[in-house]
$ cat coords.txt   # compact mmCIF, C-alpha atoms and all ligand atoms
# COMPACT_ATOMS: atom_id res chain seq x y z
CA MET A 1 19.07 17.17 10.88
CA LYS A 2 18.62 20.56 9.28
CA THR A 3 21.65 22.34 7.86
CA THR A 4 22.24 26.05 8.35
CA LEU A 5 24.29 27.78 5.69
CA SER A 6 25.49 31.31 6.48
CA ILE A 7 27.58 33.86 4.68
CA ILE A 8 28.70 36.58 7.06
CA LYS A 9 30.92 39.23 5.48
CA ALA A 10 32.72 42.44 6.28
CA ASP A 11 35.34 44.77 4.92
CA VAL A 12 37.80 45.10 7.80
CA GLY A 13 40.74 46.48 5.85
CA SER A 14 42.33 46.14 2.46
CA TYR A 15 45.35 46.96 0.31
CA CYS A 16 46.12 49.06 -1.46
CA GLY A 17 43.28 51.48 -0.88
CA HIS A 18 39.94 49.70 -1.22
CA GLN A 19 41.08 47.08 -3.72
CA LEU A 20 41.82 43.72 -2.13
CA CYS A 21 41.42 41.86 1.14
CA HIS A 22 44.89 41.04 2.51
CA PRO A 23 45.91 37.34 2.62
CA GLU A 24 46.94 37.70 6.29
CA LEU A 25 43.36 38.59 7.20
CA MET A 26 42.08 35.54 5.34
CA LEU A 27 44.62 33.40 7.18
CA THR A 28 43.50 34.81 10.52
CA ALA A 29 39.92 33.89 9.62
CA ARG A 30 40.83 30.39 8.42
CA ASN A 31 42.75 29.63 11.62
CA ALA A 32 39.88 30.79 13.83
CA LEU A 33 37.23 28.90 11.86
CA GLN A 34 39.39 25.76 11.73
CA ALA A 35 39.59 25.84 15.53
CA ALA A 36 35.81 26.31 15.75
CA LYS A 37 35.30 23.36 13.39
CA LYS A 38 37.67 21.20 15.43
CA ASN A 39 35.83 21.84 18.69
CA GLY A 40 32.45 21.17 17.06
CA LYS A 41 31.10 24.73 17.20
CA ILE A 42 30.48 24.70 13.46
CA ILE A 43 30.35 21.89 10.91
CA ASP A 44 32.42 23.42 8.13
CA TYR A 45 33.63 26.70 6.66
CA TYR A 46 35.19 28.34 3.63
CA VAL A 47 36.87 31.73 3.67
CA ALA A 48 36.75 33.74 0.45
CA ASN A 49 36.94 37.34 -0.64
CA CYS A 50 35.52 39.56 -3.32
CA GLY A 51 37.64 42.68 -3.68
CA ASP A 52 38.11 44.24 -0.23
CA ASP A 53 35.37 42.16 1.43
CA MET A 54 36.07 39.03 3.45
CA ASP A 55 33.33 36.43 3.23
CA LEU A 56 32.92 33.71 5.84
CA ILE A 57 30.89 30.81 4.50
CA ILE A 58 29.86 28.76 7.54
CA THR A 59 27.71 25.66 8.02
CA SER A 60 26.21 24.54 11.33
CA GLY A 61 23.18 22.73 12.68
CA LYS A 62 22.22 25.70 14.79
CA GLY A 63 19.60 27.60 12.78
CA THR A 64 19.70 31.15 11.41
CA ASP A 65 20.46 34.13 13.67
CA ASN A 66 22.31 31.81 16.02
CA LYS A 67 24.18 33.70 18.71
CA GLU A 68 27.19 31.37 18.80
CA VAL A 69 27.73 31.46 15.02
CA HIS A 70 27.31 35.24 14.88
CA GLN A 71 29.63 35.68 17.86
CA LEU A 72 32.21 33.52 16.09
CA ALA A 73 32.02 35.64 12.92
CA TRP A 74 32.21 38.82 14.99
CA ASP A 75 35.29 37.53 16.84
CA VAL A 76 36.92 36.61 13.50
CA PHE A 77 36.34 40.12 12.16
CA THR A 78 37.60 41.64 15.43
CA GLU A 79 40.77 39.56 15.22
CA ALA A 80 41.21 40.39 11.52
CA THR A 81 40.72 44.09 12.34
CA LYS A 82 43.61 43.88 14.83
CA LYS A 83 45.77 42.37 12.08
CA ALA A 84 44.62 45.03 9.61
CA LYS A 85 45.53 47.79 12.07
CA ALA A 86 48.93 46.23 12.70
CA LEU A 87 49.59 46.22 8.95
CA LYS A 88 48.15 49.75 8.65
CA LEU A 89 45.80 48.46 5.95
CA TYR A 90 43.31 50.85 4.43
CA GLY A 91 39.94 51.13 6.16
CA ALA A 92 41.01 48.84 9.03
CA GLY A 93 37.86 47.88 10.91
CA GLN A 94 35.71 49.78 8.39
CA ASP A 95 32.56 47.67 8.73
CA MET A 96 32.79 47.14 12.50
CA LEU A 97 30.36 49.91 13.33
CA SER A 98 29.81 48.92 16.94
CA ASP A 99 32.24 48.30 19.80
CA ALA A 100 30.11 45.67 21.42
CA PHE A 101 28.52 42.48 20.15
CA SER A 102 24.91 41.99 21.19
CA GLY A 103 23.97 38.53 20.00
CA ASN A 104 23.65 39.07 16.24
CA VAL A 105 25.81 40.82 13.65
CA LYS A 106 22.70 42.47 12.18
CA GLY A 107 22.83 46.21 12.61
CA LEU A 108 26.48 46.14 13.67
CA GLY A 109 28.07 46.52 10.21
CA PRO A 110 28.81 43.04 8.77
CA GLY A 111 26.41 41.75 6.11
CA CYS A 112 24.66 38.42 6.43
CA ALA A 113 22.71 35.93 4.30
CA GLU A 114 21.57 32.70 5.95
CA MET A 115 19.17 29.85 5.40
CA GLU A 116 18.20 26.63 7.17
CA PHE A 117 16.87 23.59 5.33
CA GLU A 118 16.57 19.83 5.28
CA GLU A 119 19.36 18.63 2.96
CA ARG A 120 17.96 16.79 -0.04
CA GLY A 121 19.52 13.62 -1.50
CA ALA A 122 22.00 15.96 -3.16
CA GLU A 123 22.11 19.64 -2.29
CA PRO A 124 23.82 22.04 -4.72
CA VAL A 125 24.20 25.63 -3.52
CA VAL A 126 25.74 28.69 -5.13
CA CYS A 127 27.26 31.41 -2.94
CA PHE A 128 27.44 34.77 -4.70
CA LEU A 129 29.83 37.43 -3.41
CA MET A 130 29.79 40.98 -4.77
CA ASP A 131 32.04 44.00 -4.30
CA LYS A 132 31.53 47.74 -5.01
CA THR A 133 27.77 47.56 -5.21
CA GLU A 134 24.60 47.24 -3.09
CA PRO A 135 21.96 44.58 -2.29
CA GLY A 136 19.66 45.78 -5.11
CA ALA A 137 22.29 44.52 -7.59
CA PHE A 138 20.79 41.06 -6.99
CA ASN A 139 17.25 42.13 -7.96
CA LEU A 140 17.62 41.61 -11.69
CA PRO A 141 19.50 38.29 -11.68
CA VAL A 142 17.44 36.73 -8.85
CA PHE A 143 14.24 37.80 -10.58
CA ARG A 144 15.42 36.15 -13.77
CA MET A 145 16.48 32.93 -11.99
CA PHE A 146 13.04 32.37 -10.44
CA ALA A 147 10.56 34.21 -12.65
CA ASP A 148 11.86 34.74 -16.18
CA PRO A 149 11.06 31.80 -18.49
CA PHE A 150 13.42 33.24 -21.12
CA SER A 151 16.26 32.70 -18.67
CA THR A 152 15.16 29.69 -16.60
CA ALA A 153 13.87 26.99 -18.93
CA GLY A 154 12.63 24.96 -15.94
CA LEU A 155 9.76 27.43 -15.44
CA VAL A 156 8.39 26.09 -18.73
CA ILE A 157 9.68 22.52 -18.76
CA ASP A 158 9.80 21.25 -15.13
CA PRO A 159 6.33 20.45 -13.66
CA ASN A 160 7.77 21.22 -10.19
CA MET A 161 8.15 24.84 -11.12
CA GLN A 162 4.72 25.37 -12.67
CA GLY A 163 3.50 26.66 -9.29
CA GLY A 164 5.99 29.53 -9.56
CA PHE A 165 7.83 31.15 -6.67
CA THR A 166 7.11 33.64 -3.88
CA PHE A 167 9.36 36.69 -3.52
CA GLU A 168 9.88 38.40 -0.17
CA VAL A 169 10.72 42.04 -0.93
CA TYR A 170 12.11 44.50 1.64
CA ASP A 171 11.42 48.22 1.49
CA VAL A 172 14.74 49.29 3.02
CA LEU A 173 13.62 52.88 3.42
CA GLU A 174 10.39 52.29 5.33
CA HIS A 175 11.58 49.06 7.03
CA ARG A 176 8.67 46.91 5.88
CA LYS A 177 8.24 43.89 3.65
CA VAL A 178 5.79 42.35 1.20
CA LEU A 179 5.32 38.86 -0.27
CA LEU A 180 4.56 38.63 -4.00
CA LYS A 181 3.74 35.46 -5.89
CA THR A 182 4.92 34.84 -9.45
CA PRO A 183 3.82 34.38 -12.16
CA GLU A 184 0.49 35.88 -10.93
CA GLU A 185 1.99 39.08 -9.53
CA LEU A 186 4.95 39.38 -11.86
CA TYR A 187 4.17 42.94 -12.94
CA SER A 188 3.66 44.18 -9.35
CA LEU A 189 6.93 42.56 -8.36
CA LEU A 190 8.77 44.34 -11.16
CA ALA A 191 7.04 47.62 -10.26
CA LEU A 192 8.85 47.41 -6.93
CA ILE A 193 12.20 45.77 -7.59
CA GLY A 194 12.99 47.87 -10.66
CA ALA A 195 13.64 50.59 -8.04
CA LYS A 196 16.66 48.69 -6.83
CA SER A 197 18.00 51.12 -4.24
CA ARG A 198 14.77 51.01 -2.23
CA TYR A 199 13.11 47.62 -2.84
CA VAL A 200 15.34 44.58 -2.56
CA ILE A 201 14.62 40.90 -2.89
CA LYS A 202 15.37 39.33 0.50
CA ARG A 203 14.21 35.74 -0.05
CA VAL A 204 12.56 33.52 -2.63
CA TYR A 205 10.34 30.56 -1.62
CA PRO A 206 9.12 27.65 -3.78
CA GLY A 207 5.48 27.86 -4.89
CA PRO A 208 2.77 25.21 -4.42
CA GLY A 209 3.47 21.79 -5.93
CA ASN A 210 7.25 22.08 -5.66
CA LYS A 211 9.21 19.15 -4.23
CA VAL A 212 11.00 21.61 -1.97
CA PRO A 213 8.81 22.71 0.99
CA GLU A 214 7.18 26.11 0.53
CA LYS A 215 8.56 27.29 3.89
CA GLU A 216 12.22 26.64 2.98
CA ALA A 217 13.92 29.56 1.24
CA ALA A 218 15.46 28.74 -2.14
CA ALA A 219 17.42 32.01 -2.18
CA VAL A 220 18.46 34.65 0.33
CA VAL A 221 20.27 37.97 -0.12
CA SER A 222 22.04 40.15 2.46
CA THR A 223 20.20 43.45 2.68
CA ASP A 224 22.16 45.26 5.36
CA LYS A 225 22.46 49.00 4.68
CA LEU A 226 25.56 50.52 6.24
CA TYR A 227 24.37 54.07 5.76
CA GLN A 228 21.30 53.43 7.86
CA ILE A 229 23.37 51.88 10.61
CA ALA A 230 26.15 54.46 10.71
CA GLY A 231 24.06 57.53 9.80
CA GLU A 232 26.75 58.61 7.34
CA TYR A 233 28.51 57.28 4.26
CA VAL A 234 30.84 54.42 5.14
CA GLY A 235 31.05 52.63 1.80
CA LYS A 236 28.54 50.62 -0.17
CA ASP A 237 26.85 47.58 1.27
CA ASP A 238 28.62 45.00 -0.86
CA PRO A 239 26.10 42.15 -0.79
CA VAL A 240 26.18 38.34 -0.79
CA ALA A 241 23.53 35.77 -1.65
CA ILE A 242 22.89 32.04 -1.38
CA VAL A 243 20.85 30.17 -3.98
CA ARG A 244 19.90 26.46 -3.80
CA GLY A 245 19.62 24.62 -7.10
CA GLN A 246 18.29 21.63 -9.04
CA SER A 247 15.45 19.12 -8.51
CA GLY A 248 12.50 21.51 -8.59
CA LEU A 249 14.61 24.64 -8.17
CA PRO A 250 16.48 26.40 -11.00
CA ALA A 251 19.39 24.29 -12.28
CA VAL A 252 22.83 25.63 -11.37
CA GLY A 253 23.22 26.64 -15.02
CA GLU A 254 19.95 28.59 -14.76
CA ILE A 255 21.10 30.22 -11.52
CA VAL A 256 24.23 31.61 -13.16
CA GLU A 257 22.75 32.36 -16.61
CA PRO A 258 21.51 35.91 -15.72
CA PHE A 259 25.11 36.99 -15.12
CA ALA A 260 25.95 36.54 -18.81
CA PHE A 261 24.37 40.02 -19.03
CA PRO A 262 26.56 42.54 -17.17
CA HIS A 263 23.67 44.72 -15.97
CA LEU A 264 24.15 48.18 -14.52
CA VAL A 265 24.39 48.41 -10.75
CA SER A 266 24.97 51.26 -8.28
CA GLY A 267 28.30 51.50 -6.51
CA TRP A 268 31.74 51.57 -8.11
CA MET A 269 33.90 54.62 -7.22
CA ARG A 270 32.82 56.20 -3.90
CA GLY A 271 29.57 54.23 -4.03
CA SER A 272 28.39 56.99 -6.34
CA HIS A 273 28.33 55.58 -9.85
CA ASN A 274 26.36 53.27 -12.07
CA GLY A 275 28.44 50.67 -13.82
CA PRO A 276 28.31 47.12 -15.17
CA ILE A 277 28.75 44.19 -12.83
CA MET A 278 31.47 41.90 -14.12
CA PRO A 279 31.27 38.14 -13.40
CA VAL A 280 34.79 36.91 -12.55
CA GLY A 281 36.69 33.93 -11.21
CA MET A 282 38.31 34.24 -7.79
CA LYS A 283 41.68 35.35 -9.14
CA ASP A 284 40.04 38.36 -10.83
CA ALA A 285 37.92 39.45 -7.86
CA ILE A 286 39.97 42.64 -7.47
CA CYS A 287 38.43 46.08 -7.91
CA THR A 288 41.10 48.21 -9.56
CA ARG A 289 39.93 50.53 -12.34
CA PHE A 290 38.10 53.48 -10.79
CA ASP A 291 37.82 51.14 -7.76
CA GLY A 292 35.94 48.67 -9.92
CA PRO A 293 34.16 47.89 -12.07
CA PRO A 294 31.86 46.08 -9.59
CA ARG A 295 32.48 42.31 -9.44
CA VAL A 296 30.54 39.18 -8.71
CA VAL A 297 31.99 35.79 -7.85
CA ALA A 298 29.98 32.54 -7.76
CA LEU A 299 31.21 29.67 -5.60
CA GLY A 300 29.35 26.39 -6.13
CA PHE A 301 29.24 23.69 -3.44
CA GLN A 302 27.52 20.38 -2.82
CA LEU A 303 26.53 19.93 0.81
CA GLU A 304 27.30 16.64 2.51
CA ASN A 305 25.56 16.63 5.90
CA GLY A 306 26.67 20.20 6.42
CA HIS A 307 30.12 19.71 4.93
CA LEU A 308 31.05 21.99 2.04
CA VAL A 309 32.17 19.96 -0.96
CA GLY A 310 33.86 22.46 -3.27
CA PRO A 311 34.03 25.26 -4.17
CA MET A 312 33.68 25.36 -7.89
CA ASP A 313 34.72 28.76 -9.18
CA VAL A 314 31.79 29.12 -11.61
CA PHE A 315 32.60 32.41 -13.35
CA ALA A 316 36.20 31.33 -14.03
CA ASP A 317 34.64 29.51 -16.98
CA ILE A 318 35.49 30.89 -20.43
CA ALA A 319 31.74 30.91 -21.11
CA TYR A 320 31.74 34.24 -19.22
CA ASP A 321 34.54 35.79 -21.30
CA ARG A 322 32.08 37.62 -23.51
CA ALA A 323 30.16 39.01 -20.52
CA ARG A 324 33.47 40.31 -19.17
CA LYS A 325 34.36 41.90 -22.51
CA GLU A 326 30.94 43.51 -22.70
CA ALA A 327 31.32 44.74 -19.10
CA LEU A 328 34.64 46.37 -20.00
CA HIS A 329 33.11 47.98 -23.05
CA ILE A 330 30.22 49.35 -20.96
CA ALA A 331 32.74 50.51 -18.33
CA ASP A 332 34.54 52.58 -21.00
CA TYR A 333 31.27 54.04 -22.22
CA MET A 334 30.01 54.92 -18.74
CA ARG A 335 33.36 56.40 -17.65
CA ARG A 336 33.28 58.86 -20.54
CA HIS A 337 30.37 60.60 -18.78
CA GLY A 338 32.70 61.61 -15.95
CA PRO A 339 30.68 63.36 -13.23
CA PHE A 340 27.48 63.43 -15.27
CA GLU A 341 24.39 61.30 -14.70
CA PRO A 342 23.53 58.55 -15.41
CA HIS A 343 27.12 57.48 -14.68
CA ARG A 344 26.88 59.40 -11.44
CA LEU A 345 23.90 58.25 -9.36
CA SER A 346 20.65 60.21 -9.14
CA PRO A 347 20.37 62.94 -6.44
CA GLU A 348 18.27 60.67 -4.16
CA ASP A 349 20.95 58.00 -4.19
CA MET A 350 23.76 60.56 -3.84
CA GLU A 351 22.20 61.55 -0.50
CA TYR A 352 23.86 58.46 0.94
CA THR A 353 27.34 59.54 -0.18
CA SER A 354 29.69 62.34 0.84
CA LEU A 355 28.32 64.71 -1.85
CA PRO A 356 25.75 66.48 0.41
CA LYS A 357 28.65 67.83 2.48
CA VAL A 358 30.02 69.47 -0.69
CA LEU A 359 26.63 70.88 -1.71
CA LYS A 360 26.01 72.29 1.75
CA LYS A 361 28.90 74.73 1.29
CA LEU A 362 27.16 76.28 -1.73
CA GLU A 363 23.78 76.63 0.00
CA ALA A 364 24.32 80.19 1.28
CA ARG A 365 25.33 81.48 -2.17
CA PHE A 366 22.09 80.63 -3.94
CA GLN A 367 19.84 83.60 -4.88
CA LYS A 368 16.11 83.40 -5.53
CA LEU A 369 15.06 83.51 -9.20
C1 LIG A 401 33.49 52.22 -2.84
C2 LIG A 401 34.77 52.36 -2.15
C3 LIG A 401 35.82 53.22 -2.73
C4 LIG A 401 36.01 54.49 -1.89
C5 LIG A 401 37.04 55.43 -2.50
C6 LIG A 401 37.33 56.65 -1.62
O1 LIG A 401 32.62 51.42 -2.12
O2 LIG A 401 34.97 51.79 -1.11
O3 LIG A 401 35.56 53.55 -4.05
O4 LIG A 401 34.79 55.16 -1.75
O5 LIG A 401 38.27 54.76 -2.67
O6 LIG A 401 37.70 56.20 -0.37
P1 LIG A 401 38.13 57.18 0.83
O7 LIG A 401 36.98 58.12 1.02
O8 LIG A 401 38.33 56.23 1.96
O9 LIG A 401 39.38 57.86 0.40
MG MG A 402 36.98 49.04 1.70
MG MG A 403 33.90 46.25 -0.63

$ encode --input "coords.txt" --output "structure tokens" --more "lines below"
Ligand code: F6R
Ligand code: MG
Ligand code: MG
Amino acid sequence: MKTTLSIIKADVGSYCGHQLCHPELMLTARNALQAAKKNGKIIDYYVANCGDDMDLIITSGKGTDNKEVHQLAWDVFTEATKKAKALKLYGAGQDMLSDAFSGNVKGLGPGCAEMEFEERGAEPVVCFLMDKTEPGAFNLPVFRMFADPFSTAGLVIDPNMQGGFTFEVYDVLEHRKVLLKTPEELYSLLALIGAKSRYVIKRVYPGPGNKVPEKEAAAVVSTDKLYQIAGEYVGKDDPVAIVRGQSGLPAVGEIVEPFAFPHLVSGWMRGSHNGPIMPVGMKDAICTRFDGPPRVVALGFQLENGHLVGPMDVFADIAYDRARKEALHIADYMRRHGPFEPHRLSPEDMEYTSLPKVLKKLEARFQKL
């Protein structure tokens, strides 16, 4: 039997302000998913959060884009929204951009990363959850996991990986995609994904000669863009990703190695600032200072016929202390720029925030030079 692993996530209300998902919402989700597990609708689940986002990690045997699983997630978020409204939480129902469910959460507000595969003898997976940033924040680390031999030693040492990997890249502006094979097309890949607000890695597939079938994704990232759905700024598209590891794929240690470098991502306050992404354990997945700095959590599981064995809270490890310190140092440095670029995003990226409304007011006062 093939296992389907899904992360479906939404911000349906938080406290105080945009900082943290409320425990009552998580409880609502756990109760609903427990009932679904009991009546056999899903195999297993884990409810987590990163900052104000609630992340439903669900396993089933039903394939990706399955109506029942998506309906379940939608119902959980609807129920949690009711709770959030009752508690007068901030941004109650924020990511529920549609009133009606139409078979798939795609395009309705919640973000989604899913994959289906034949479980190997042992199947380690890492679920990454981010807050206060956008899907392109995964470009750099996912590139390094699967294509940078200075980060992933297996690219040099493991014969399984000598065939490289294939990257599926979405152009989120033009709604098109392209497949690029590494190491052959490494430079072309970087030419695209270095522009992280437009080109985002959606999936990575094993190359020829790998033990893992070429058709089975080794990594998948949520690429849902709220702005494009809502037509106006409704917060950043805090992304999630799933990465499978070991035995021909990057080792779990290689999957999490790129996060020892707190790279700059777009998001943070008002989705309008560049800042470092800080790898944290679950207890520190709270976006406080200037609504940030952006966070990433890594939950490691072994799959047992669809059951989630874990999680292991990877970034709780002291080995990430220095990355956190560096992130805080970079946060201080970036903050000192105040409203100036490159702390503030470039004009193209600011188009997707509330700034254009401010600029519009000045339009009539400009005189020709
Ligand atoms: C960023 C985010 C927050 C809000 C900020 C202003 O993704 O969610 O930084 O943008 O707190 O929120 P409003 O406009 O709701 O007052
Ligand atoms: Mg929020
Ligand atoms: Mg969020």

$ residues_around --input "coords.txt" --residues "Met334 of chain A" --least-positions-apart "3" --cutoff "8 Å" --atoms "only C-alpha atoms" --output "list in words"
Asn274, Gly275, Ile330, Ala331, His337, Gly338 and His343 of chain A

$ residues_near_point --input "coords.txt" --point "(27.3, 32.2, 3.3)" --cutoff "8 Å" --atoms "all atoms listed in the file" --output "number ranges by chain"
A: 5-8, 55-58, 112-114, 127, 240-242

$ residues_near_ligand --input "coords.txt" --ligand "ligand LIG 401 (chain A)" --cutoff "12 Å" --atoms "all atoms listed in the file" --output "MDAnalysis selection string"
chainID A and resid 11:20 51:53 89:92 94:95 130:134 226:227 233:239 266:274 287:295 352:355

$ write_last_selection --input "coords.txt" --atoms "C-alpha atoms" --output "short mmCIF file (atom, residue, chain, number, x, y, z; two decimals), in the frame of the given file"
data_model
loop_
_atom_site.label_atom_id
_atom_site.label_comp_id
_atom_site.auth_asym_id
_atom_site.auth_seq_id
_atom_site.Cartn_x
_atom_site.Cartn_y
_atom_site.Cartn_z
CA ASP A 11 35.34 44.77 4.92
CA VAL A 12 37.80 45.10 7.80
CA GLY A 13 40.74 46.48 5.85
CA SER A 14 42.33 46.14 2.46
CA TYR A 15 45.35 46.96 0.31
CA CYS A 16 46.12 49.06 -1.46
CA GLY A 17 43.28 51.48 -0.88
CA HIS A 18 39.94 49.70 -1.22
CA GLN A 19 41.08 47.08 -3.72
CA LEU A 20 41.82 43.72 -2.13
CA GLY A 51 37.64 42.68 -3.68
CA ASP A 52 38.11 44.24 -0.23
CA ASP A 53 35.37 42.16 1.43
CA LEU A 89 45.80 48.46 5.95
CA TYR A 90 43.31 50.85 4.43
CA GLY A 91 39.94 51.13 6.16
CA ALA A 92 41.01 48.84 9.03
CA GLN A 94 35.71 49.78 8.39
CA ASP A 95 32.56 47.67 8.73
CA MET A 130 29.79 40.98 -4.77
CA ASP A 131 32.04 44.00 -4.30
CA LYS A 132 31.53 47.74 -5.01
CA THR A 133 27.77 47.56 -5.21
CA GLU A 134 24.60 47.24 -3.09
CA LEU A 226 25.56 50.52 6.24
CA TYR A 227 24.37 54.07 5.76
CA TYR A 233 28.51 57.28 4.26
CA VAL A 234 30.84 54.42 5.14
CA GLY A 235 31.05 52.63 1.80
CA LYS A 236 28.54 50.62 -0.17
CA ASP A 237 26.85 47.58 1.27
CA ASP A 238 28.62 45.00 -0.86
CA PRO A 239 26.10 42.15 -0.79
CA SER A 266 24.97 51.26 -8.28
CA GLY A 267 28.30 51.50 -6.51
CA TRP A 268 31.74 51.57 -8.11
CA MET A 269 33.90 54.62 -7.22
CA ARG A 270 32.82 56.20 -3.90
CA GLY A 271 29.57 54.23 -4.03
CA SER A 272 28.39 56.99 -6.34
CA HIS A 273 28.33 55.58 -9.85
CA ASN A 274 26.36 53.27 -12.07
CA CYS A 287 38.43 46.08 -7.91
CA THR A 288 41.10 48.21 -9.56
CA ARG A 289 39.93 50.53 -12.34
CA PHE A 290 38.10 53.48 -10.79
CA ASP A 291 37.82 51.14 -7.76
CA GLY A 292 35.94 48.67 -9.92
CA PRO A 293 34.16 47.89 -12.07
CA PRO A 294 31.86 46.08 -9.59
CA ARG A 295 32.48 42.31 -9.44
CA TYR A 352 23.86 58.46 0.94
CA THR A 353 27.34 59.54 -0.18
CA SER A 354 29.69 62.34 0.84
CA LEU A 355 28.32 64.71 -1.85
#

$ closest_residue --input "coords.txt" --among "A:Phe366, A:Phe128, A:Tyr170, A:Tyr205" --to "Val297 of chain A" --atoms "only C-alpha atoms"
A:Phe128

$ closest_residue --input "coords.txt" --among "A:Met350, A:Leu27, A:Val314, A:Leu189" --to "Ala84 of chain A" --atoms "all atoms listed in the file"
A:Leu27

$ closest_residue --input "coords.txt" --among "A:Glu68, A:Leu328, A:Leu33, A:Ile286" --to "ligand MG 403 (chain A)" --atoms "all atoms listed in the file"
A:Ile286

$ atom_distance --input "coords.txt" --atom1 "atom CA of Glu168 of chain A" --atom2 "atom CA of Val220 of chain A"
9.4 Å

$ residues_around --input "coords.txt" --residues "Pro258 of chain A" --least-positions-apart "6" --cutoff "12 Å" --atoms "all atoms listed in the file" --output "PyMOL selection string"
chain A and resi 137-152+250+252+277-279+296+315+320+323

$ write_last_selection --input "coords.txt" --atoms "C-alpha atoms" --output "short mmCIF file (atom, residue, chain, number, x, y, z; two decimals), in the frame of the given file"
data_model
loop_
_atom_site.label_atom_id
_atom_site.label_comp_id
_atom_site.auth_asym_id
_atom_site.auth_seq_id
_atom_site.Cartn_x
_atom_site.Cartn_y
_atom_site.Cartn_z
CA ALA A 137 22.29 44.52 -7.59
CA PHE A 138 20.79 41.06 -6.99
CA ASN A 139 17.25 42.13 -7.96
CA LEU A 140 17.62 41.61 -11.69
CA PRO A 141 19.50 38.29 -11.68
CA VAL A 142 17.44 36.73 -8.85
CA PHE A 143 14.24 37.80 -10.58
CA ARG A 144 15.42 36.15 -13.77
CA MET A 145 16.48 32.93 -11.99
CA PHE A 146 13.04 32.37 -10.44
CA ALA A 147 10.56 34.21 -12.65
CA ASP A 148 11.86 34.74 -16.18
CA PRO A 149 11.06 31.80 -18.49
CA PHE A 150 13.42 33.24 -21.12
CA SER A 151 16.26 32.70 -18.67
CA THR A 152 15.16 29.69 -16.60
CA PRO A 250 16.48 26.40 -11.00
CA VAL A 252 22.83 25.63 -11.37
CA ILE A 277 28.75 44.19 -12.83
CA MET A 278 31.47 41.90 -14.12
CA PRO A 279 31.27 38.14 -13.40
CA VAL A 296 30.54 39.18 -8.71
CA PHE A 315 32.60 32.41 -13.35
CA TYR A 320 31.74 34.24 -19.22
CA ALA A 323 30.16 39.01 -20.52
#

$ closest_residue --input "coords.txt" --among "A:Gly93, A:Gly154, A:Pro23, A:Gly61" --to "ligand MG 402 (chain A)" --atoms "all atoms listed in the file"
A:Gly93
